[in-house]
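**Student:** Enclosed is the structure file query.txt (compact mmCIF, C-alpha atoms and all ligand atoms).
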```txt
# COMPACT_ATOMS: atom_id res chain seq x y z
CA MET A 1 52.10 92.23 -116.27
CA SER A 2 50.03 91.50 -119.30
CA LEU A 3 50.62 93.21 -122.58
CA PRO A 4 48.27 96.16 -123.00
CA SER A 5 45.48 95.51 -125.40
CA ARG A 6 44.01 98.41 -127.30
CA CYS A 7 43.24 100.81 -124.52
CA ALA A 8 39.83 101.64 -123.21
CA GLU A 9 39.90 105.40 -123.48
CA ARG A 10 38.78 107.47 -120.54
CA PRO A 11 38.89 111.17 -119.88
CA ALA A 12 40.88 110.76 -117.93
CA SER A 13 75.78 125.12 -109.37
CA ALA A 14 75.26 128.56 -110.06
CA LEU A 15 74.50 129.08 -113.64
CA GLY A 16 76.37 131.77 -115.49
CA ILE A 17 74.46 133.89 -117.94
CA GLY A 18 76.95 135.81 -119.93
CA GLY A 19 79.39 134.77 -117.20
CA ALA A 20 77.39 136.27 -114.31
CA LEU A 21 76.95 134.12 -111.20
CA ARG A 22 73.46 133.77 -109.79
CA PRO A 23 72.60 135.18 -106.40
CA GLU A 24 72.28 132.64 -103.60
CA VAL A 25 68.72 131.79 -102.59
CA LEU A 26 67.38 130.39 -99.38
CA ARG A 27 66.77 126.68 -99.76
CA ASN A 28 63.30 125.45 -98.98
CA PRO A 29 63.79 121.85 -99.87
CA PHE A 30 60.76 120.22 -98.35
CA GLN A 31 57.97 122.55 -99.28
CA LEU A 32 56.25 120.68 -102.08
CA VAL A 33 55.50 117.23 -100.76
CA ASP A 34 52.49 115.15 -101.72
CA LEU A 35 50.38 112.78 -99.64
CA GLN A 36 52.72 109.88 -100.45
CA SER A 37 55.64 111.97 -99.08
CA ARG A 38 57.03 112.37 -102.57
CA ARG A 39 59.07 115.54 -102.73
CA VAL A 40 58.51 117.53 -105.92
CA GLU A 41 61.50 119.47 -107.15
CA TYR A 42 61.20 119.14 -110.90
CA LEU A 43 58.92 121.20 -113.16
CA ARG A 44 58.24 120.26 -116.75
CA LEU A 45 57.11 123.46 -118.41
CA SER A 46 55.38 123.01 -121.72
CA VAL A 47 55.90 126.18 -123.73
CA THR A 48 53.59 125.37 -126.63
CA ASP A 49 51.14 122.78 -127.94
CA ARG A 50 52.31 123.42 -131.51
CA CYS A 51 54.67 121.07 -133.29
CA ASN A 52 56.35 120.78 -136.66
CA TYR A 53 56.19 116.96 -136.52
CA ARG A 54 53.26 114.55 -136.13
CA CYS A 55 54.93 111.59 -134.43
CA SER A 56 52.77 108.49 -134.65
CA TYR A 57 53.04 107.74 -130.92
CA CYS A 58 52.32 111.32 -129.88
CA MET A 59 49.42 112.54 -131.98
CA PRO A 60 46.97 111.33 -134.59
CA ALA A 61 47.88 111.60 -138.28
CA GLU A 62 45.56 114.53 -138.84
CA GLY A 63 47.23 116.38 -135.97
CA VAL A 64 45.42 117.86 -133.00
CA ASP A 65 43.49 121.08 -132.57
CA VAL A 66 45.75 123.72 -131.13
CA VAL A 67 44.47 126.20 -128.58
CA PRO A 68 44.07 129.89 -129.50
CA ARG A 69 47.28 131.82 -128.95
CA ALA A 70 45.69 134.02 -126.29
CA ASP A 71 45.07 130.90 -124.20
CA LEU A 72 48.75 130.03 -124.09
CA LEU A 73 50.79 131.29 -121.16
CA ASP A 74 52.87 134.27 -122.19
CA PHE A 75 56.54 134.50 -121.19
CA ALA A 76 55.91 136.84 -118.25
CA GLU A 77 53.35 134.35 -116.90
CA MET A 78 55.73 131.42 -117.34
CA VAL A 79 58.45 133.29 -115.49
CA ALA A 80 56.08 134.37 -112.70
CA LEU A 81 54.81 130.82 -112.21
CA THR A 82 58.29 129.34 -112.33
CA ARG A 83 59.30 131.76 -109.56
CA VAL A 84 56.43 130.46 -107.43
CA PHE A 85 57.48 126.84 -108.03
CA VAL A 86 61.04 127.75 -107.08
CA GLN A 87 59.75 129.26 -103.83
CA LEU A 88 58.14 125.87 -103.27
CA GLY A 89 61.42 124.01 -103.66
CA VAL A 90 61.58 123.29 -107.39
CA ARG A 91 65.20 123.37 -108.52
CA ARG A 92 65.05 121.81 -111.95
CA VAL A 93 63.05 123.04 -114.92
CA ARG A 94 62.68 121.34 -118.29
CA LEU A 95 61.12 123.09 -121.28
CA THR A 96 59.10 120.86 -123.48
CA GLY A 97 55.99 120.91 -125.65
CA GLY A 98 54.76 120.41 -128.36
CA GLU A 99 58.00 121.45 -129.90
CA PRO A 100 59.63 124.16 -127.76
CA LEU A 101 61.75 125.46 -130.62
CA VAL A 102 58.69 126.50 -132.65
CA ARG A 103 57.67 128.97 -129.93
CA ARG A 104 58.76 132.40 -131.13
CA GLY A 105 61.19 134.07 -128.70
CA ILE A 106 62.25 130.79 -127.09
CA VAL A 107 65.82 132.06 -126.60
CA GLU A 108 64.53 135.08 -124.65
CA LEU A 109 62.35 132.81 -122.53
CA VAL A 110 65.36 130.62 -121.72
CA GLN A 111 67.33 133.71 -120.73
CA ALA A 112 64.55 134.91 -118.43
CA LEU A 113 64.14 131.50 -116.78
CA ALA A 114 67.87 131.01 -116.39
CA ALA A 115 68.02 134.32 -114.52
CA ILE A 116 65.61 133.12 -111.79
CA PRO A 117 67.62 132.51 -108.62
CA GLY A 118 67.06 128.91 -107.57
CA VAL A 119 66.70 127.36 -111.03
CA ASP A 120 69.79 125.21 -110.71
CA ASP A 121 69.14 123.07 -113.74
CA LEU A 122 67.51 124.32 -116.94
CA ALA A 123 66.98 121.75 -119.66
CA MET A 124 64.95 121.22 -122.82
CA THR A 125 63.51 118.30 -124.73
CA THR A 126 63.31 118.94 -128.47
CA ASN A 127 62.80 117.06 -131.71
CA GLY A 128 65.94 118.87 -132.89
CA HIS A 129 64.55 119.91 -136.27
CA LEU A 130 65.33 123.62 -135.67
CA LEU A 131 68.29 123.05 -133.37
CA ALA A 132 71.15 123.63 -135.81
CA ASP A 133 70.56 127.40 -135.76
CA LEU A 134 69.37 127.65 -132.17
CA ALA A 135 71.82 125.49 -130.22
CA GLU A 136 74.44 128.19 -129.76
CA PRO A 137 71.99 131.02 -128.82
CA LEU A 138 70.19 128.69 -126.38
CA LYS A 139 73.47 127.75 -124.73
CA ARG A 140 74.44 131.43 -124.45
CA ALA A 141 71.02 132.23 -122.97
CA GLY A 142 71.64 129.79 -120.12
CA LEU A 143 70.22 126.43 -121.22
CA GLN A 144 72.35 123.75 -119.61
CA ARG A 145 71.11 120.40 -120.88
CA LEU A 146 69.37 119.08 -123.95
CA ASN A 147 67.46 115.92 -124.80
CA VAL A 148 67.01 115.38 -128.51
CA SER A 149 64.45 112.89 -129.75
CA ILE A 150 65.62 110.58 -132.51
CA ASP A 151 63.82 107.28 -132.93
CA THR A 152 65.79 105.78 -135.79
CA LEU A 153 68.76 106.51 -138.01
CA ASP A 154 66.96 105.22 -141.06
CA PRO A 155 65.77 108.33 -143.01
CA GLN A 156 62.70 106.58 -144.46
CA LYS A 157 61.58 105.16 -141.14
CA PHE A 158 62.31 108.49 -139.48
CA ALA A 159 59.99 110.27 -141.92
CA LEU A 160 57.40 107.55 -141.42
CA VAL A 161 57.31 107.67 -137.64
CA SER A 162 57.48 111.46 -137.41
CA ARG A 163 55.03 111.79 -140.29
CA GLY A 164 57.02 114.17 -142.44
CA GLY A 165 60.02 114.89 -140.23
CA ALA A 166 63.53 114.71 -141.64
CA LEU A 167 66.53 112.96 -140.14
CA GLN A 168 69.32 115.20 -141.48
CA PRO A 169 68.26 118.46 -139.74
CA VAL A 170 68.10 116.53 -136.46
CA LEU A 171 71.59 115.11 -136.99
CA ASP A 172 72.78 118.66 -137.83
CA GLY A 173 71.08 119.90 -134.66
CA ILE A 174 72.85 117.29 -132.54
CA ALA A 175 76.20 118.25 -134.10
CA ALA A 176 75.50 121.95 -133.40
CA ALA A 177 74.56 121.16 -129.81
CA LYS A 178 77.85 119.30 -129.35
CA ARG A 179 79.77 122.28 -130.73
CA ALA A 180 77.85 124.65 -128.46
CA GLY A 181 79.16 122.69 -125.46
CA PHE A 182 76.05 121.75 -123.48
CA ALA A 183 76.73 120.16 -120.10
CA SER A 184 74.73 117.14 -121.19
CA ILE A 185 73.08 115.98 -124.41
CA LYS A 186 70.92 112.90 -124.34
CA LEU A 187 69.15 111.17 -127.18
CA ASN A 188 65.57 109.96 -126.67
CA ALA A 189 64.06 107.13 -128.67
CA VAL A 190 60.63 105.62 -128.15
CA THR A 191 60.94 101.89 -128.76
CA LEU A 192 58.35 100.68 -131.24
CA LYS A 193 57.80 97.13 -132.38
CA GLY A 194 58.01 96.86 -136.14
CA LEU A 195 59.49 100.32 -136.46
CA ASN A 196 62.81 100.57 -134.64
CA ASP A 197 63.06 97.40 -132.54
CA ASP A 198 65.48 95.94 -135.09
CA ALA A 199 67.42 99.21 -135.23
CA LEU A 200 68.20 99.85 -131.60
CA VAL A 201 71.80 98.69 -131.94
CA PRO A 202 72.61 101.27 -134.68
CA LEU A 203 71.15 103.94 -132.39
CA CYS A 204 73.39 102.63 -129.59
CA ASP A 205 76.40 102.65 -131.94
CA PHE A 206 75.65 106.26 -132.88
CA ALA A 207 75.33 107.30 -129.22
CA ALA A 208 78.56 105.45 -128.33
CA GLN A 209 80.43 106.97 -131.24
CA GLU A 210 79.18 110.51 -130.42
CA ASP A 211 79.74 109.96 -126.67
CA LEU A 212 76.11 110.79 -125.91
CA VAL A 213 73.72 109.11 -123.48
CA LEU A 214 70.89 107.24 -125.19
CA ARG A 215 67.53 106.74 -123.49
CA LEU A 216 65.15 104.12 -124.78
CA ILE A 217 61.60 104.98 -123.78
CA GLU A 218 58.77 102.47 -123.55
CA TYR A 219 55.72 103.53 -125.53
CA MET A 220 53.02 104.90 -123.21
CA PRO A 221 49.29 104.89 -124.00
CA ILE A 222 48.95 108.64 -124.29
CA GLY A 223 47.00 110.35 -127.03
CA VAL A 224 46.17 106.86 -128.22
CA ASP A 225 44.88 106.31 -131.70
CA ALA A 226 45.12 103.42 -134.11
CA TYR A 227 48.91 103.33 -133.62
CA TRP A 228 48.86 102.07 -130.03
CA GLY A 229 48.49 98.34 -129.48
CA PRO A 230 50.27 95.03 -129.03
CA GLU A 231 51.65 95.35 -132.58
CA THR A 232 53.63 98.45 -131.64
CA TRP A 233 54.25 98.20 -127.88
CA LEU A 234 57.67 96.78 -126.97
CA PRO A 235 58.35 95.88 -123.34
CA VAL A 236 61.51 97.46 -122.00
CA ALA A 237 62.98 94.03 -121.20
CA GLU A 238 62.87 93.20 -124.90
CA ALA A 239 64.52 96.49 -125.81
CA ARG A 240 67.29 95.71 -123.30
CA ALA A 241 67.68 92.24 -124.76
CA ARG A 242 68.13 93.69 -128.26
CA VAL A 243 70.85 96.03 -127.00
CA ALA A 244 72.49 93.15 -125.13
CA GLU A 245 72.91 91.27 -128.44
CA ALA A 246 75.74 93.71 -129.26
CA TYR A 247 76.75 95.26 -125.95
CA ALA A 248 77.71 93.60 -122.66
CA LEU A 249 75.51 95.55 -120.23
CA GLU A 250 76.10 96.33 -116.57
CA PRO A 251 73.91 98.54 -114.37
CA ASP A 252 75.43 102.00 -113.96
CA GLU A 253 75.05 103.02 -110.37
CA SER A 254 77.72 105.72 -110.51
CA GLY A 255 75.10 108.48 -110.42
CA GLU A 256 77.33 110.34 -112.87
CA ILE A 257 74.65 110.78 -115.50
CA PRO A 258 72.86 114.05 -114.76
CA GLY A 259 69.08 114.30 -114.75
CA GLY A 260 67.70 112.47 -111.74
CA GLY A 261 64.76 111.25 -113.84
CA PRO A 262 63.13 107.85 -114.13
CA ALA A 263 65.72 106.26 -116.44
CA ARG A 264 67.62 103.22 -115.21
CA TYR A 265 71.11 103.52 -116.63
CA TRP A 266 73.43 100.82 -117.89
CA ARG A 267 76.95 100.83 -119.25
CA GLY A 268 77.66 98.74 -122.28
CA ARG A 269 80.80 97.54 -123.98
CA HIS A 270 80.51 96.58 -127.63
CA GLY A 271 81.46 92.95 -128.16
CA VAL A 272 83.55 93.68 -131.27
CA THR A 273 84.65 97.33 -131.23
CA GLY A 274 84.93 97.64 -127.44
CA LYS A 275 83.19 101.03 -127.64
CA THR A 276 81.50 102.21 -124.46
CA LEU A 277 77.79 102.96 -124.35
CA ARG A 278 75.72 104.74 -121.73
CA VAL A 279 72.09 103.79 -122.13
CA GLY A 280 69.03 104.48 -119.98
CA PHE A 281 65.74 102.61 -120.11
CA ILE A 282 62.52 104.40 -119.20
CA SER A 283 59.69 102.00 -118.69
CA ALA A 284 56.56 103.67 -117.41
CA VAL A 285 54.35 100.74 -118.36
CA SER A 286 56.12 97.48 -117.55
CA GLU A 287 58.39 98.74 -114.76
CA LYS A 288 56.37 101.59 -113.35
CA PHE A 289 58.30 104.18 -111.30
CA CYS A 290 55.50 106.27 -109.78
CA THR A 291 56.68 105.83 -106.19
CA ALA A 292 59.81 107.80 -107.06
CA CYS A 293 58.00 110.52 -109.01
CA ASN A 294 59.46 113.96 -108.24
CA ARG A 295 57.79 116.07 -110.91
CA VAL A 296 54.83 118.20 -111.86
CA ARG A 297 53.85 119.53 -115.24
CA LEU A 298 52.56 122.87 -116.35
CA SER A 299 50.62 122.69 -119.60
CA PRO A 300 50.99 125.39 -122.28
CA THR A 301 47.70 126.87 -121.08
CA GLY A 302 48.86 126.96 -117.49
CA VAL A 303 47.05 123.89 -116.15
CA LEU A 304 48.93 122.15 -113.37
CA ARG A 305 49.14 118.40 -114.03
CA GLU A 306 50.29 116.62 -110.95
CA CYS A 307 50.58 113.41 -112.95
CA LEU A 308 50.89 112.68 -116.68
CA SER A 309 47.85 110.44 -116.40
CA ALA A 310 45.61 113.01 -114.70
CA ARG A 311 43.76 115.81 -116.41
CA GLY A 312 44.77 118.47 -113.94
CA SER A 313 42.16 120.69 -112.38
CA LEU A 314 44.04 123.83 -111.42
CA SER A 315 44.42 126.63 -113.97
CA LEU A 316 47.31 128.71 -112.70
CA ARG A 317 46.85 130.94 -115.75
CA ASP A 318 43.31 131.84 -114.70
CA LEU A 319 44.42 132.50 -111.15
CA LEU A 320 47.26 134.69 -112.37
CA ARG A 321 45.02 136.56 -114.81
CA SER A 322 42.47 137.19 -112.07
CA GLY A 323 45.11 138.96 -110.01
CA ALA A 324 46.12 136.21 -107.58
CA SER A 325 49.09 137.03 -105.38
CA GLU A 326 52.18 134.83 -105.02
CA GLU A 327 50.75 133.63 -101.72
CA ASP A 328 47.46 132.66 -103.38
CA LEU A 329 49.30 130.76 -106.09
CA THR A 330 51.52 129.02 -103.57
CA ALA A 331 48.53 127.92 -101.51
CA ALA A 332 46.67 126.69 -104.60
CA ILE A 333 49.66 124.64 -105.79
CA ARG A 334 50.13 123.13 -102.33
CA ASP A 335 46.45 122.16 -102.20
CA ALA A 336 46.64 120.66 -105.68
CA MET A 337 49.52 118.43 -104.60
CA ALA A 338 47.09 116.59 -102.35
CA GLY A 339 45.48 115.39 -105.57
CA LYS A 340 48.68 113.88 -107.01
CA VAL A 341 47.56 110.32 -107.63
CA ASP A 342 49.59 107.38 -106.34
CA GLY A 343 50.35 106.39 -109.89
CA HIS A 344 49.08 105.99 -113.41
CA GLN A 345 47.33 102.86 -114.64
CA TYR A 346 49.01 102.49 -118.01
CA ASP A 347 49.95 98.96 -116.95
CA ALA A 348 46.22 98.25 -116.74
CA ALA A 349 45.73 99.72 -120.22
CA VAL A 350 44.05 102.86 -118.93
CA ALA A 351 45.11 105.55 -121.36
CA THR A 352 45.44 109.30 -121.36
CA VAL A 353 43.30 110.65 -124.17
CA GLU A 354 44.99 114.01 -124.76
CA SER A 355 48.03 113.89 -126.95
CA MET A 356 51.48 114.14 -125.38
CA SER A 357 52.09 117.32 -127.40
CA ALA A 358 49.11 119.05 -125.78
CA ILE A 359 50.01 117.95 -122.26
CA GLY A 360 53.70 118.64 -122.50
CA GLY A 361 55.72 115.44 -122.66
N1 LIG B 1 58.74 117.83 -129.31
C1 LIG B 1 59.75 117.49 -128.38
C2 LIG B 1 60.34 116.13 -128.66
O1 LIG B 1 59.74 115.38 -129.41
O2 LIG B 1 61.39 115.82 -128.06
C3 LIG B 1 59.29 117.60 -126.93
C4 LIG B 1 57.91 117.09 -126.62
S1 LIG B 1 57.73 115.32 -126.77
C5 LIG B 1 56.06 115.12 -126.31
C6 LIG B 1 58.67 114.77 -125.36
C7 LIG B 1 59.09 113.33 -125.38
O3 LIG B 1 57.94 112.53 -125.24
C8 LIG B 1 59.79 112.90 -126.66
O4 LIG B 1 61.05 112.29 -126.37
C9 LIG B 1 58.84 111.89 -127.25
O5 LIG B 1 59.51 110.87 -127.92
C10 LIG B 1 58.12 111.37 -126.02
N2 LIG B 1 56.81 110.79 -126.28
C11 LIG B 1 55.77 111.32 -126.96
N3 LIG B 1 54.71 110.49 -126.97
C12 LIG B 1 55.06 109.40 -126.26
C13 LIG B 1 54.42 108.19 -125.89
N4 LIG B 1 53.17 107.94 -126.26
N5 LIG B 1 55.10 107.29 -125.16
C14 LIG B 1 56.37 107.52 -124.76
N6 LIG B 1 57.05 108.66 -125.05
C15 LIG B 1 56.41 109.58 -125.81
FE1 LIG B 2 56.88 114.32 -132.08
FE2 LIG B 2 57.61 115.85 -129.95
FE3 LIG B 2 55.99 116.80 -131.84
FE4 LIG B 2 55.10 114.92 -130.24
S1 LIG B 2 55.67 116.96 -129.63
S2 LIG B 2 54.78 115.07 -132.44
S3 LIG B 2 56.96 113.72 -129.92
S4 LIG B 2 58.12 116.12 -132.13
```
As structure tokens, please, write out the structure in this file.
**Tutor:**
Amino acid sequence: MSLPSRCAERPASALGIGGALRPEVLRNPFQLVDLQSRRVEYLRLSVTDRCNYRCSYCMPAEGVDVVPRADLLDFAEMVALTRVFVQLGVRRVRLTGGEPLVRRGIVELVQALAAIPGVDDLAMTTNGHLLADLAEPLKRAGLQRLNVSIDTLDPQKFALVSRGGALQPVLDGIAAAKRAGFASIKLNAVTLKGLNDDALVPLCDFAAQEDLVLRLIEYMPIGVDAYWGPETWLPVAEARARVAEAYALEPDESGEIPGGGPARYWRGRHGVTGKTLRVGFISAVSEKFCTACNRVRLSPTGVLRECLSARGSLSLRDLLRSGASEEDLTAAIRDAMAGKVDGHQYDAAVATVESMSAIGG
């Protein structure tokens, strides 16, 4: 695979809530299957397009236009649509954004989603900036797993890459999440040449010391602006090589790390301290994993995106607001699955123009 040049843009277990066990639901495991026989059981629900950071790889420096509030799905709509996806076999839901913690009432939304019979796994991806105060309430509301994004442990570089973010609140958020006792906490870092490629080992040391799983994510050409290019894109093999300078790595095929996502996990042992590391590599560009894709995305305005690289043509919000029944919604989602593309073309430098924050990363 050749290194992407600047991209040609084109439009391109029973969960206890307050200790209560969930009612059993009838399993319908094979209902949402696309034309490539990929079974979809994972919904990424973007709860807002707003964000308190401006990460260089996610949105342009000036930020992006946000949609009017009335265009965003409200909580009742999110719950109604999630119920429909669960009827179609979805078992895992991840809340993302934008930054999910800036959506007012997020704890109540988590509680409502956690109460849906059939949502076996409720997770969130967050930049962690507001997590210190929210970790405990989110855990009590029924959130099971958390991914916290942290690209570097260097405060200056952190502020630079997040364009104004601050490292300490994120570290405080991670500490609060550990105290709250989440079933799993993972750290996400996008690997960026010239920014954190020389600082991956300290991130690994932090993850090993805190006993957290680290995921190193290859930069994808999404919401591309002047930041994307050969100067910033780091192939996953290079990221792995950097980690291997300090840790003896072996593939982890134990299946013990929860999530079932695209990460390929490795176990590492530090050459000097002997500390154990669990690290996952997510490489959408150089080691594409589309054939194993098991997910769909719902944008904050209710557009179904069958693939991160596709615009999505079905507005479930509009259907819902025009009085569609559950049956209508189910049929529309099934039809839309026929349009789930075989795979993205990020490896051919075909980018997604909308920012990750607007799509729901
Ligand atoms: N605001 C939250 C956060 O940052 O964790 C959730 C939304 S963010 C869009 C979800 C994940 O997408 C983050 O881990 C972020 O690092 C990642 N991400 C954003 N833009 C990306 C890109 N162009 N390539 C790879 N990962 C990206
Ligand atoms: Fe950064 Fe997440 Fe906000 Fe994008 S949505 S700017 S990745 S914090």
**Student:** Closest to His129 (chain A) among A:Asn52, A:Ser46, A:Gln87, A:Ser325, using all atoms listed in the file?
**Tutor:** A:Asn52
**Student:** Each residue of chain A with at least one atom at most 7 Å from ligand LIG 1 (chain B) should appear once, together with its nearest atom pair and the corresponding distance in Å (one decimal); atoms considered: only C-alpha atoms and all ligand atoms; ordering: chain, then increasing residue number; output as a Markdown table.
**Tutor:**
```
| residue | atom | partner | partner_atom | distance |
| --- | --- | --- | --- | --- |
| A:Cys51 | CA | B:LIG1 | N1 | 6.6 |
| A:Tyr57 | CA | B:LIG1 | N4 | 4.7 |
| A:Cys58 | CA | B:LIG1 | N3 | 3.9 |
| A:Thr96 | CA | B:LIG1 | C3 | 4.8 |
| A:Gly97 | CA | B:LIG1 | C4 | 4.4 |
| A:Gly98 | CA | B:LIG1 | N1 | 4.8 |
| A:Glu99 | CA | B:LIG1 | N1 | 3.7 |
| A:Pro100 | CA | B:LIG1 | N1 | 6.6 |
| A:Thr125 | CA | B:LIG1 | O2 | 4.7 |
| A:Thr126 | CA | B:LIG1 | O2 | 3.7 |
| A:Asn127 | CA | B:LIG1 | C2 | 4.0 |
| A:Asn147 | CA | B:LIG1 | O2 | 6.9 |
| A:Val148 | CA | B:LIG1 | O2 | 5.7 |
| A:Ser149 | CA | B:LIG1 | O2 | 4.6 |
| A:Asn188 | CA | B:LIG1 | O4 | 5.1 |
| A:Ala189 | CA | B:LIG1 | O5 | 5.9 |
| A:Val190 | CA | B:LIG1 | O5 | 5.4 |
| A:Ile217 | CA | B:LIG1 | C14 | 5.9 |
| A:Glu218 | CA | B:LIG1 | C14 | 5.7 |
| A:Tyr219 | CA | B:LIG1 | N5 | 3.8 |
| A:Met220 | CA | B:LIG1 | N5 | 3.7 |
| A:Pro221 | CA | B:LIG1 | N4 | 5.4 |
| A:Ile222 | CA | B:LIG1 | N4 | 4.7 |
| A:Gly223 | CA | B:LIG1 | N4 | 6.7 |
| A:Met356 | CA | B:LIG1 | C5 | 4.8 |
| A:Ser357 | CA | B:LIG1 | C5 | 4.7 |
| A:Gly360 | CA | B:LIG1 | C5 | 5.7 |
| A:Gly361 | CA | B:LIG1 | C5 | 3.7 |
```
**Student:** Return the single residue from A:Ala358, A:Ala248, A:Val93, A:Leu72 that is closest to ligand LIG 2 (chain B), with distances computed using all atoms listed in the file.
**Tutor:**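 With all atoms listed in the file as the atom set, the closest residue is A:Ala358.
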**Student:** Nearest residue to ligand LIG 2 (chain B) out of A:Pro117, A:Gln144, A:Arg83, A:Val161, using all atoms listed in the file?
**Tutor:**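 Checking each candidate against ligand LIG 2 (chain B), we get A:Val161 as the closest.
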**Student:** Ranking A:Leu138, A:Leu316, A:Leu200, A:Cys55 by minimum distance to ligand LIG 2 (chain B) and counting all atoms listed in the file, which one comes first?
**Tutor:**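 So, comparing all the options, the nearest one is A:Cys55.
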**Student:** Rounded to one decimal place, report the CA of Ala263 (chain A)-CA of Thr191 (chain A) distance in Å.
**Tutor:** 13.9 Å
**Student:** May I have the protein, DNA and RNA residues with any atom at most 7 Å from the point (75.8, 95.3, -133.8), counting only C-alpha atoms, written as a list of chain:residue names?
**Tutor:**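 Returned residue set, sorted by chain then number, is A:Val201, A:Pro202, A:Ala246.
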**Student:** Residues within 8 Å of Arg278 (chain A), please, as a ChimeraX atom specification. Count all atoms listed in the file; anything in the same chain fewer than 4 positions from it doesn't count.
**Tutor:** /A:207-208,212-214,265-268
**Student:** Considering only C-alpha atoms, return as a count of residues only whatever protein or nucleic-acid residues lie within 10 Å of Arg69 (chain A), sequence-local ones (same chain, fewer than 5 positions apart) excluded.
**Tutor:** 5
**Student:** Could you give me, as a ChimeraX atom specification, the residues within 9 Å of Leu171 (chain A), counting all atoms listed in the file and dropping anything in the same chain fewer than 6 positions from it?
**Tutor:** /A:128-129,132,150
**Student:** Just to confirm, what's the straight-line distance from CA of Val285 (chain A) to CA of Pro262 (chain A) in Å (one decimal)?
**Tutor:**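 Taking CA of Val285 (chain A) as the start and CA of Pro262 (chain A) as the end point, the length is 12.1 Å.
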**Student:** At what distance in Å, to one decimal, does CA of Thr276 (chain A) lie from CA of Pro235 (chain A)?
**Tutor:**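 Going from CA of Pro235 (chain A) over to CA of Thr276 (chain A) covers 24.0 Å.
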**Student:** Pick out the residues sitting within 8 Å of Glu326 (chain A), and hand them over as an MDAnalysis selection string; count all atoms listed in the file, and ignore anything fewer than 3 positions along from it in its own chain.
**Tutor:** chainID A and resid 84 329:330
**Student:** Return the single residue from A:Leu134, A:Ile333, A:Val102, A:Ala324 that is closest to ligand LIG 2 (chain B), with distances computed using all atoms listed in the file.
**Tutor:** A:Val102
**Student:** Choose the residue, out of A:Trp228, A:Tyr42, A:Tyr247, A:Phe206, that has the smallest atom-to-atom separation from Gly274 (chain A); count only C-alpha atoms.
**Tutor:**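 Using only C-alpha atoms, Gly274 (chain A) sits closest to A:Tyr247.
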